[in-house]
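First up is the structure itself, then whatever we jot down about it.
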Amino acid sequence: MYHYGGIVVSNSLRIAGDELDEDIINYIKREMNLSIGEIQAEEIKKEIGCALPLMTEMSKEIRGRDLATGLPKNLVITSNQVQIAMEESINEIVEIVKVTLEKTPPELASDIMEKGIVLAGGGALIQNLDKLLSQKTGMPVYVAQDPLDCVVKGTGKTLEDLDRLKSVLINSRKRR
C-alpha cells in the first residue's frame, strides 16, 4: 500500500490565457495584416479557440486596424486559423503534461490511468484540449465541473493548510 500526502511531481510552465491571446494577436497581424487588441483576442479564444479541429468549423467576424492602410477593417477568422495560432503554445502544454507523467511513480500513474486527468482553470475551456491530451497521453482526460472556480478553491485550500504545504511551496520555487 502506498500513501502520498501532498505534491508528488510538479512542473511549471509560463503559458496561460494571456500567452494564447498574444499568439492570436500575432497570427492575425502576420497572416491577416490586421491589428487587434487583447480583449478581442480573448473573445476569439473563448468563442472559437480549439486545440484540435472542430467537427463543424466555426468563424467569427473581427474588427481591427488594417496594417497597410491604417484604416478600420472587418475580417473573418475561423476556428482552424485560431487552432494554428495557438498550436505551438498548446503543444508546450501537452509536452509538460507528458514530462510530468513520465516522472510520476508507477503506483500513482496506474491510478491516473484508471481515473484520468482532470483539467482546471481557464485553459480547460479551450475546445478539444481534453481530446488532444487524451490522444497524446493515452489516458482519459476530463474537464472539471467548474474549471474556473477550481483554481480559486485550490488556492483557498492551500492557504488553509499553509503550514503543512510551506516546505513544498518553497521547494517548488527553488526548482524553477
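If you're wondering about the labels, chains in the C-alpha cells are A, B, ... by order shown, residues count from 1 in each chain, ligands from 1 in order shown.
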Considering only helix (DSSP H, G or I) as DSSP defines it on the backbone, what residues of stretch 14-159 of chain A qualify? List them as a PDB file with N, CA and C atoms, in the first residue's frame.
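Output below, filename result-v1.pdb:
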```pdb
ATOM      1  N   GLY A  17      -3.584  31.932 -20.411  1.00  0.00           N
ATOM      2  CA  GLY A  17      -4.504  32.625 -21.303  1.00  0.00           C
ATOM      3  C   GLY A  17      -3.905  33.828 -22.002  1.00  0.00           C
ATOM      4  N   ASP A  18      -3.109  34.612 -21.286  1.00  0.00           N
ATOM      5  CA  ASP A  18      -2.525  35.813 -21.892  1.00  0.00           C
ATOM      6  C   ASP A  18      -1.586  35.458 -23.052  1.00  0.00           C
ATOM      7  N   GLU A  19      -0.817  34.379 -22.876  1.00  0.00           N
ATOM      8  CA  GLU A  19       0.095  33.967 -23.946  1.00  0.00           C
ATOM      9  C   GLU A  19      -0.684  33.466 -25.160  1.00  0.00           C
ATOM     10  N   LEU A  20      -1.775  32.749 -24.910  1.00  0.00           N
ATOM     11  CA  LEU A  20      -2.604  32.278 -26.020  1.00  0.00           C
ATOM     12  C   LEU A  20      -3.250  33.465 -26.745  1.00  0.00           C
ATOM     13  N   ASP A  21      -3.682  34.472 -25.984  1.00  0.00           N
ATOM     14  CA  ASP A  21      -4.224  35.693 -26.594  1.00  0.00           C
ATOM     15  C   ASP A  21      -3.163  36.358 -27.462  1.00  0.00           C
ATOM     16  N   GLU A  22      -1.944  36.410 -26.952  1.00  0.00           N
ATOM     17  CA  GLU A  22      -0.828  37.005 -27.702  1.00  0.00           C
ATOM     18  C   GLU A  22      -0.536  36.212 -28.974  1.00  0.00           C
ATOM     19  N   ASP A  23      -0.644  34.886 -28.897  1.00  0.00           N
ATOM     20  CA  ASP A  23      -0.473  34.036 -30.083  1.00  0.00           C
ATOM     21  C   ASP A  23      -1.495  34.421 -31.157  1.00  0.00           C
ATOM     22  N   ILE A  24      -2.730  34.652 -30.732  1.00  0.00           N
ATOM     23  CA  ILE A  24      -3.806  35.008 -31.670  1.00  0.00           C
ATOM     24  C   ILE A  24      -3.534  36.380 -32.274  1.00  0.00           C
ATOM     25  N   ILE A  25      -3.154  37.347 -31.450  1.00  0.00           N
ATOM     26  CA  ILE A  25      -2.842  38.702 -31.929  1.00  0.00           C
ATOM     27  C   ILE A  25      -1.729  38.642 -32.978  1.00  0.00           C
ATOM     28  N   ASN A  26      -0.665  37.900 -32.673  1.00  0.00           N
ATOM     29  CA  ASN A  26       0.482  37.813 -33.592  1.00  0.00           C
ATOM     30  C   ASN A  26       0.121  37.102 -34.887  1.00  0.00           C
ATOM     31  N   TYR A  27      -0.687  36.049 -34.806  1.00  0.00           N
ATOM     32  CA  TYR A  27      -1.118  35.326 -36.004  1.00  0.00           C
ATOM     33  C   TYR A  27      -1.926  36.255 -36.917  1.00  0.00           C
ATOM     34  N   ILE A  28      -2.878  36.962 -36.335  1.00  0.00           N
ATOM     35  CA  ILE A  28      -3.737  37.852 -37.129  1.00  0.00           C
ATOM     36  C   ILE A  28      -2.904  38.970 -37.759  1.00  0.00           C
ATOM     37  N   LYS A  29      -1.943  39.465 -37.019  1.00  0.00           N
ATOM     38  CA  LYS A  29      -1.057  40.508 -37.544  1.00  0.00           C
ATOM     39  C   LYS A  29      -0.233  39.976 -38.717  1.00  0.00           C
ATOM     40  N   ARG A  30       0.351  38.780 -38.515  1.00  0.00           N
ATOM     41  CA  ARG A  30       1.240  38.183 -39.512  1.00  0.00           C
ATOM     42  C   ARG A  30       0.485  37.657 -40.736  1.00  0.00           C
ATOM     43  N   GLU A  31      -0.610  36.960 -40.522  1.00  0.00           N
ATOM     44  CA  GLU A  31      -1.300  36.270 -41.610  1.00  0.00           C
ATOM     45  C   GLU A  31      -2.436  37.076 -42.247  1.00  0.00           C
ATOM     46  N   MET A  32      -3.008  38.002 -41.481  1.00  0.00           N
ATOM     47  CA  MET A  32      -4.169  38.731 -41.990  1.00  0.00           C
ATOM     48  C   MET A  32      -3.900  40.232 -42.125  1.00  0.00           C
ATOM     49  N   GLU A  38      -6.124  43.035 -27.116  1.00  0.00           N
ATOM     50  CA  GLU A  38      -6.141  41.880 -26.217  1.00  0.00           C
ATOM     51  C   GLU A  38      -7.554  41.405 -25.905  1.00  0.00           C
ATOM     52  N   ILE A  39      -8.480  42.336 -25.735  1.00  0.00           N
ATOM     53  CA  ILE A  39      -9.855  41.964 -25.396  1.00  0.00           C
ATOM     54  C   ILE A  39     -10.473  41.149 -26.523  1.00  0.00           C
ATOM     55  N   GLN A  40     -10.277  41.592 -27.760  1.00  0.00           N
ATOM     56  CA  GLN A  40     -10.829  40.854 -28.898  1.00  0.00           C
ATOM     57  C   GLN A  40     -10.154  39.487 -29.053  1.00  0.00           C
ATOM     58  N   ALA A  41      -8.848  39.428 -28.806  1.00  0.00           N
ATOM     59  CA  ALA A  41      -8.132  38.150 -28.897  1.00  0.00           C
ATOM     60  C   ALA A  41      -8.683  37.158 -27.872  1.00  0.00           C
ATOM     61  N   GLU A  42      -8.964  37.641 -26.672  1.00  0.00           N
ATOM     62  CA  GLU A  42      -9.526  36.763 -25.636  1.00  0.00           C
ATOM     63  C   GLU A  42     -10.920  36.274 -26.040  1.00  0.00           C
ATOM     64  N   GLU A  43     -11.723  37.153 -26.626  1.00  0.00           N
ATOM     65  CA  GLU A  43     -13.054  36.760 -27.102  1.00  0.00           C
ATOM     66  C   GLU A  43     -12.943  35.677 -28.179  1.00  0.00           C
ATOM     67  N   ILE A  44     -12.001  35.850 -29.090  1.00  0.00           N
ATOM     68  CA  ILE A  44     -11.776  34.863 -30.152  1.00  0.00           C
ATOM     69  C   ILE A  44     -11.419  33.517 -29.527  1.00  0.00           C
ATOM     70  N   LYS A  45     -10.481  33.543 -28.580  1.00  0.00           N
ATOM     71  CA  LYS A  45     -10.041  32.307 -27.918  1.00  0.00           C
ATOM     72  C   LYS A  45     -11.215  31.616 -27.231  1.00  0.00           C
ATOM     73  N   LYS A  46     -12.002  32.383 -26.507  1.00  0.00           N
ATOM     74  CA  LYS A  46     -13.126  31.803 -25.756  1.00  0.00           C
ATOM     75  C   LYS A  46     -14.228  31.274 -26.674  1.00  0.00           C
ATOM     76  N   GLU A  47     -14.496  31.980 -27.758  1.00  0.00           N
ATOM     77  CA  GLU A  47     -15.620  31.613 -28.617  1.00  0.00           C
ATOM     78  C   GLU A  47     -15.289  30.519 -29.630  1.00  0.00           C
ATOM     79  N   ILE A  48     -14.107  30.595 -30.255  1.00  0.00           N
ATOM     80  CA  ILE A  48     -13.812  29.621 -31.315  1.00  0.00           C
ATOM     81  C   ILE A  48     -12.429  28.976 -31.178  1.00  0.00           C
ATOM     82  N   SER A  79     -12.086  28.886 -36.756  1.00  0.00           N
ATOM     83  CA  SER A  79     -11.560  28.106 -35.634  1.00  0.00           C
ATOM     84  C   SER A  79     -10.276  27.384 -36.042  1.00  0.00           C
ATOM     85  N   ASN A  80     -10.167  26.954 -37.298  1.00  0.00           N
ATOM     86  CA  ASN A  80      -8.929  26.303 -37.755  1.00  0.00           C
ATOM     87  C   ASN A  80      -7.745  27.266 -37.710  1.00  0.00           C
ATOM     88  N   GLN A  81      -7.977  28.525 -38.073  1.00  0.00           N
ATOM     89  CA  GLN A  81      -6.906  29.513 -38.008  1.00  0.00           C
ATOM     90  C   GLN A  81      -6.492  29.770 -36.552  1.00  0.00           C
ATOM     91  N   VAL A  82      -7.465  29.811 -35.653  1.00  0.00           N
ATOM     92  CA  VAL A  82      -7.162  30.032 -34.234  1.00  0.00           C
ATOM     93  C   VAL A  82      -6.384  28.840 -33.681  1.00  0.00           C
ATOM     94  N   GLN A  83      -6.751  27.639 -34.105  1.00  0.00           N
ATOM     95  CA  GLN A  83      -6.008  26.446 -33.681  1.00  0.00           C
ATOM     96  C   GLN A  83      -4.546  26.557 -34.112  1.00  0.00           C
ATOM     97  N   ILE A  84      -4.327  26.951 -35.346  1.00  0.00           N
ATOM     98  CA  ILE A  84      -2.961  27.118 -35.854  1.00  0.00           C
ATOM     99  C   ILE A  84      -2.224  28.193 -35.049  1.00  0.00           C
ATOM    100  N   ALA A  85      -2.915  29.285 -34.747  1.00  0.00           N
ATOM    101  CA  ALA A  85      -2.309  30.389 -33.989  1.00  0.00           C
ATOM    102  C   ALA A  85      -1.827  29.924 -32.616  1.00  0.00           C
ATOM    103  N   MET A  86      -2.598  29.067 -31.962  1.00  0.00           N
ATOM    104  CA  MET A  86      -2.280  28.643 -30.589  1.00  0.00           C
ATOM    105  C   MET A  86      -1.490  27.339 -30.533  1.00  0.00           C
ATOM    106  N   GLU A  87      -1.247  26.720 -31.683  1.00  0.00           N
ATOM    107  CA  GLU A  87      -0.683  25.375 -31.748  1.00  0.00           C
ATOM    108  C   GLU A  87       0.639  25.210 -30.994  1.00  0.00           C
ATOM    109  N   GLU A  88       1.557  26.128 -31.171  1.00  0.00           N
ATOM    110  CA  GLU A  88       2.869  25.997 -30.533  1.00  0.00           C
ATOM    111  C   GLU A  88       2.748  26.025 -29.012  1.00  0.00           C
ATOM    112  N   SER A  89       1.973  26.956 -28.485  1.00  0.00           N
ATOM    113  CA  SER A  89       1.788  27.039 -27.033  1.00  0.00           C
ATOM    114  C   SER A  89       1.036  25.829 -26.500  1.00  0.00           C
ATOM    115  N   ILE A  90       0.016  25.398 -27.211  1.00  0.00           N
ATOM    116  CA  ILE A  90      -0.750  24.208 -26.797  1.00  0.00           C
ATOM    117  C   ILE A  90       0.170  22.986 -26.773  1.00  0.00           C
ATOM    118  N   ASN A  91       1.040  22.867 -27.774  1.00  0.00           N
ATOM    119  CA  ASN A  91       1.981  21.739 -27.813  1.00  0.00           C
ATOM    120  C   ASN A  91       2.942  21.764 -26.628  1.00  0.00           C
ATOM    121  N   GLU A  92       3.335  22.967 -26.181  1.00  0.00           N
ATOM    122  CA  GLU A  92       4.192  23.080 -24.998  1.00  0.00           C
ATOM    123  C   GLU A  92       3.456  22.577 -23.759  1.00  0.00           C
ATOM    124  N   ILE A  93       2.173  22.889 -23.670  1.00  0.00           N
ATOM    125  CA  ILE A  93       1.360  22.410 -22.546  1.00  0.00           C
ATOM    126  C   ILE A  93       1.287  20.888 -22.575  1.00  0.00           C
ATOM    127  N   VAL A  94       1.038  20.322 -23.742  1.00  0.00           N
ATOM    128  CA  VAL A  94       0.969  18.863 -23.886  1.00  0.00           C
ATOM    129  C   VAL A  94       2.293  18.229 -23.476  1.00  0.00           C
ATOM    130  N   GLU A  95       3.405  18.794 -23.905  1.00  0.00           N
ATOM    131  CA  GLU A  95       4.720  18.233 -23.583  1.00  0.00           C
ATOM    132  C   GLU A  95       5.006  18.263 -22.088  1.00  0.00           C
ATOM    133  N   ILE A  96       4.635  19.348 -21.395  1.00  0.00           N
ATOM    134  CA  ILE A  96       4.898  19.424 -19.952  1.00  0.00           C
ATOM    135  C   ILE A  96       4.033  18.414 -19.199  1.00  0.00           C
ATOM    136  N   VAL A  97       2.820  18.159 -19.700  1.00  0.00           N
ATOM    137  CA  VAL A  97       1.970  17.126 -19.093  1.00  0.00           C
ATOM    138  C   VAL A  97       2.642  15.764 -19.269  1.00  0.00           C
ATOM    139  N   LYS A  98       3.151  15.485 -20.460  1.00  0.00           N
ATOM    140  CA  LYS A  98       3.810  14.202 -20.721  1.00  0.00           C
ATOM    141  C   LYS A  98       5.063  14.031 -19.850  1.00  0.00           C
ATOM    142  N   VAL A  99       5.869  15.082 -19.729  1.00  0.00           N
ATOM    143  CA  VAL A  99       7.083  15.027 -18.905  1.00  0.00           C
ATOM    144  C   VAL A  99       6.713  14.768 -17.447  1.00  0.00           C
ATOM    145  N   THR A 100       5.661  15.421 -16.977  1.00  0.00           N
ATOM    146  CA  THR A 100       5.214  15.226 -15.596  1.00  0.00           C
ATOM    147  C   THR A 100       4.740  13.796 -15.380  1.00  0.00           C
ATOM    148  N   LEU A 101       3.995  13.268 -16.337  1.00  0.00           N
ATOM    149  CA  LEU A 101       3.533  11.875 -16.229  1.00  0.00           C
ATOM    150  C   LEU A 101       4.702  10.896 -16.233  1.00  0.00           C
ATOM    151  N   GLU A 102       5.752  11.189 -17.003  1.00  0.00           N
ATOM    152  CA  GLU A 102       6.925  10.319 -17.052  1.00  0.00           C
ATOM    153  C   GLU A 102       7.640  10.269 -15.706  1.00  0.00           C
ATOM    154  N   LYS A 103       7.560  11.356 -14.929  1.00  0.00           N
ATOM    155  CA  LYS A 103       8.208  11.419 -13.614  1.00  0.00           C
ATOM    156  C   LYS A 103       7.332  10.840 -12.502  1.00  0.00           C
ATOM    157  N   PRO A 106       5.091   4.771 -10.488  1.00  0.00           N
ATOM    158  CA  PRO A 106       4.228   3.804 -11.171  1.00  0.00           C
ATOM    159  C   PRO A 106       2.868   3.579 -10.500  1.00  0.00           C
ATOM    160  N   GLU A 107       2.843   3.541  -9.154  1.00  0.00           N
ATOM    161  CA  GLU A 107       1.578   3.306  -8.444  1.00  0.00           C
ATOM    162  C   GLU A 107       0.590   4.428  -8.717  1.00  0.00           C
ATOM    163  N   LEU A 108       1.083   5.635  -8.701  1.00  0.00           N
ATOM    164  CA  LEU A 108       0.232   6.797  -8.940  1.00  0.00           C
ATOM    165  C   LEU A 108      -0.165   6.874 -10.419  1.00  0.00           C
ATOM    166  N   ALA A 109       0.758   6.525 -11.303  1.00  0.00           N
ATOM    167  CA  ALA A 109       0.469   6.536 -12.740  1.00  0.00           C
ATOM    168  C   ALA A 109      -0.670   5.575 -13.061  1.00  0.00           C
ATOM    169  N   SER A 110      -0.699   4.422 -12.398  1.00  0.00           N
ATOM    170  CA  SER A 110      -1.787   3.477 -12.662  1.00  0.00           C
ATOM    171  C   SER A 110      -3.117   4.039 -12.176  1.00  0.00           C
ATOM    172  N   ASP A 111      -3.112   4.781 -11.069  1.00  0.00           N
ATOM    173  CA  ASP A 111      -4.338   5.456 -10.600  1.00  0.00           C
ATOM    174  C   ASP A 111      -4.804   6.493 -11.615  1.00  0.00           C
ATOM    175  N   ILE A 112      -3.852   7.258 -12.145  1.00  0.00           N
ATOM    176  CA  ILE A 112      -4.200   8.284 -13.140  1.00  0.00           C
ATOM    177  C   ILE A 112      -4.736   7.620 -14.395  1.00  0.00           C
ATOM    178  N   MET A 113      -4.131   6.499 -14.777  1.00  0.00           N
ATOM    179  CA  MET A 113      -4.588   5.764 -15.954  1.00  0.00           C
ATOM    180  C   MET A 113      -6.034   5.302 -15.771  1.00  0.00           C
ATOM    181  N   GLU A 114      -6.359   4.893 -14.546  1.00  0.00           N
ATOM    182  CA  GLU A 114      -7.700   4.394 -14.250  1.00  0.00           C
ATOM    183  C   GLU A 114      -8.712   5.533 -14.098  1.00  0.00           C
ATOM    184  N   LYS A 115      -8.331   6.571 -13.352  1.00  0.00           N
ATOM    185  CA  LYS A 115      -9.282   7.644 -13.033  1.00  0.00           C
ATOM    186  C   LYS A 115      -9.209   8.823 -13.993  1.00  0.00           C
ATOM    187  N   GLY A 122      -8.851  28.318 -16.731  1.00  0.00           N
ATOM    188  CA  GLY A 122      -9.401  28.834 -17.977  1.00  0.00           C
ATOM    189  C   GLY A 122      -8.998  28.028 -19.203  1.00  0.00           C
ATOM    190  N   GLY A 123      -7.777  27.499 -19.205  1.00  0.00           N
ATOM    191  CA  GLY A 123      -7.313  26.717 -20.339  1.00  0.00           C
ATOM    192  C   GLY A 123      -8.147  25.468 -20.578  1.00  0.00           C
ATOM    193  N   ALA A 124      -8.777  24.963 -19.525  1.00  0.00           N
ATOM    194  CA  ALA A 124      -9.620  23.773 -19.652  1.00  0.00           C
ATOM    195  C   ALA A 124     -10.813  24.024 -20.566  1.00  0.00           C
ATOM    196  N   LEU A 125     -11.156  25.290 -20.756  1.00  0.00           N
ATOM    197  CA  LEU A 125     -12.307  25.641 -21.590  1.00  0.00           C
ATOM    198  C   LEU A 125     -11.983  25.685 -23.081  1.00  0.00           C
ATOM    199  N   LEU A 129      -9.141  20.489 -26.015  1.00  0.00           N
ATOM    200  CA  LEU A 129      -7.871  20.319 -25.310  1.00  0.00           C
ATOM    201  C   LEU A 129      -7.875  18.982 -24.577  1.00  0.00           C
ATOM    202  N   ASP A 130      -9.016  18.615 -24.007  1.00  0.00           N
ATOM    203  CA  ASP A 130      -9.118  17.322 -23.333  1.00  0.00           C
ATOM    204  C   ASP A 130      -8.868  16.171 -24.315  1.00  0.00           C
ATOM    205  N   LYS A 131      -9.424  16.263 -25.512  1.00  0.00           N
ATOM    206  CA  LYS A 131      -9.232  15.204 -26.521  1.00  0.00           C
ATOM    207  C   LYS A 131      -7.772  15.131 -26.967  1.00  0.00           C
ATOM    208  N   LEU A 132      -7.142  16.283 -27.185  1.00  0.00           N
ATOM    209  CA  LEU A 132      -5.737  16.304 -27.600  1.00  0.00           C
ATOM    210  C   LEU A 132      -4.854  15.672 -26.523  1.00  0.00           C
ATOM    211  N   LEU A 133      -5.060  16.062 -25.263  1.00  0.00           N
ATOM    212  CA  LEU A 133      -4.257  15.496 -24.180  1.00  0.00           C
ATOM    213  C   LEU A 133      -4.488  13.992 -24.047  1.00  0.00           C
ATOM    214  N   SER A 134      -5.710  13.559 -24.241  1.00  0.00           N
ATOM    215  CA  SER A 134      -6.011  12.136 -24.179  1.00  0.00           C
ATOM    216  C   SER A 134      -5.294  11.385 -25.305  1.00  0.00           C
ATOM    217  N   GLN A 135      -5.313  11.946 -26.507  1.00  0.00           N
ATOM    218  CA  GLN A 135      -4.611  11.336 -27.644  1.00  0.00           C
ATOM    219  C   GLN A 135      -3.114  11.236 -27.381  1.00  0.00           C
ATOM    220  N   LYS A 136      -2.533  12.301 -26.852  1.00  0.00           N
ATOM    221  CA  LYS A 136      -1.080  12.365 -26.686  1.00  0.00           C
ATOM    222  C   LYS A 136      -0.567  11.577 -25.480  1.00  0.00           C
ATOM    223  N   THR A 137      -1.442  11.362 -24.460  1.00  0.00           N
ATOM    224  CA  THR A 137      -1.001  10.654 -23.261  1.00  0.00           C
ATOM    225  C   THR A 137      -1.539   9.233 -23.185  1.00  0.00           C
ATOM    226  N   PRO A 147     -14.320  24.615 -13.994  1.00  0.00           N
ATOM    227  CA  PRO A 147     -12.859  24.753 -14.101  1.00  0.00           C
ATOM    228  C   PRO A 147     -12.315  26.092 -13.608  1.00  0.00           C
ATOM    229  N   LEU A 148     -13.059  27.170 -13.779  1.00  0.00           N
ATOM    230  CA  LEU A 148     -12.567  28.474 -13.330  1.00  0.00           C
ATOM    231  C   LEU A 148     -12.571  28.568 -11.806  1.00  0.00           C
ATOM    232  N   ASP A 149     -13.570  27.966 -11.170  1.00  0.00           N
ATOM    233  CA  ASP A 149     -13.645  28.005  -9.706  1.00  0.00           C
ATOM    234  C   ASP A 149     -12.585  27.127  -9.053  1.00  0.00           C
ATOM    235  N   CYS A 150     -12.135  26.084  -9.738  1.00  0.00           N
ATOM    236  CA  CYS A 150     -11.158  25.152  -9.172  1.00  0.00           C
ATOM    237  C   CYS A 150      -9.877  25.858  -8.738  1.00  0.00           C
ATOM    238  N   VAL A 151      -9.413  26.784  -9.524  1.00  0.00           N
ATOM    239  CA  VAL A 151      -8.161  27.484  -9.215  1.00  0.00           C
ATOM    240  C   VAL A 151      -8.316  28.279  -7.919  1.00  0.00           C
ATOM    241  N   VAL A 152      -9.417  28.986  -7.792  1.00  0.00           N
ATOM    242  CA  VAL A 152      -9.665  29.790  -6.591  1.00  0.00           C
ATOM    243  C   VAL A 152      -9.836  28.883  -5.371  1.00  0.00           C
ATOM    244  N   LYS A 153     -10.614  27.805  -5.535  1.00  0.00           N
ATOM    245  CA  LYS A 153     -10.832  26.880  -4.418  1.00  0.00           C
ATOM    246  C   LYS A 153      -9.524  26.204  -3.997  1.00  0.00           C
ATOM    247  N   GLY A 154      -8.700  25.833  -4.963  1.00  0.00           N
ATOM    248  CA  GLY A 154      -7.414  25.223  -4.651  1.00  0.00           C
ATOM    249  C   GLY A 154      -6.484  26.175  -3.924  1.00  0.00           C
ATOM    250  N   THR A 155      -6.486  27.425  -4.345  1.00  0.00           N
ATOM    251  CA  THR A 155      -5.680  28.438  -3.660  1.00  0.00           C
ATOM    252  C   THR A 155      -6.164  28.599  -2.231  1.00  0.00           C
ATOM    253  N   GLY A 156      -7.478  28.606  -2.044  1.00  0.00           N
ATOM    254  CA  GLY A 156      -8.053  28.713  -0.702  1.00  0.00           C
ATOM    255  C   GLY A 156      -7.641  27.553   0.183  1.00  0.00           C
ATOM    256  N   LYS A 157      -7.681  26.334  -0.360  1.00  0.00           N
ATOM    257  CA  LYS A 157      -7.284  25.155   0.418  1.00  0.00           C
ATOM    258  C   LYS A 157      -5.800  25.215   0.762  1.00  0.00           C
ATOM    259  N   THR A 158      -4.989  25.711  -0.161  1.00  0.00           N
ATOM    260  CA  THR A 158      -3.562  25.856   0.110  1.00  0.00           C
ATOM    261  C   THR A 158      -3.333  26.834   1.249  1.00  0.00           C
ATOM    262  N   LEU A 159      -4.028  27.952   1.230  1.00  0.00           N
ATOM    263  CA  LEU A 159      -3.880  28.947   2.293  1.00  0.00           C
ATOM    264  C   LEU A 159      -4.347  28.399   3.645  1.00  0.00           C
TER     265      LEU A 159
END
```
**Item:** Selection: 6 Å around stretch 65-77 of chain A, only C-alpha atoms, excl. self and same-chain fewer than 3 positions, as a PyMOL selection string
**Value:** chain A and resi 33-35+59-62
**Request:** List every residue of stretch 20-126 of chain A that DSSP, applied to the backbone of this structure, assigns to strand (DSSP E or B), and report them as a PyMOL selection string.
**Result:** chain A and resi 34-35+50+59-66+72-78+117-119
**Message:** Just checking: using only C-alpha atoms, which residue out of A:Thr78, A:Leu162, A:Pro105, A:Met139 ends up closest to A:Leu54?
**Reply:**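 Smallest distance to A:Leu54 is found for A:Thr78.
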**Asked** What is the distance, in Å and to one decimal place, between atom CA of A:Val118 and atom CA of A:Arg164?
**Response**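 Separation of atom CA of A:Val118 and atom CA of A:Arg164: 24.0 Å.
Distance-wise, atom CA of A:Ala120 and atom CA of A:Gln145 end up 8.6 Å apart.
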**Prompt:** So how far away is atom CA of A:Ile126 from atom CA of A:Leu52, in Å?
**Reply:**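 Between atom CA of A:Leu52 and atom CA of A:Ile126 the gap is 9.6 Å.
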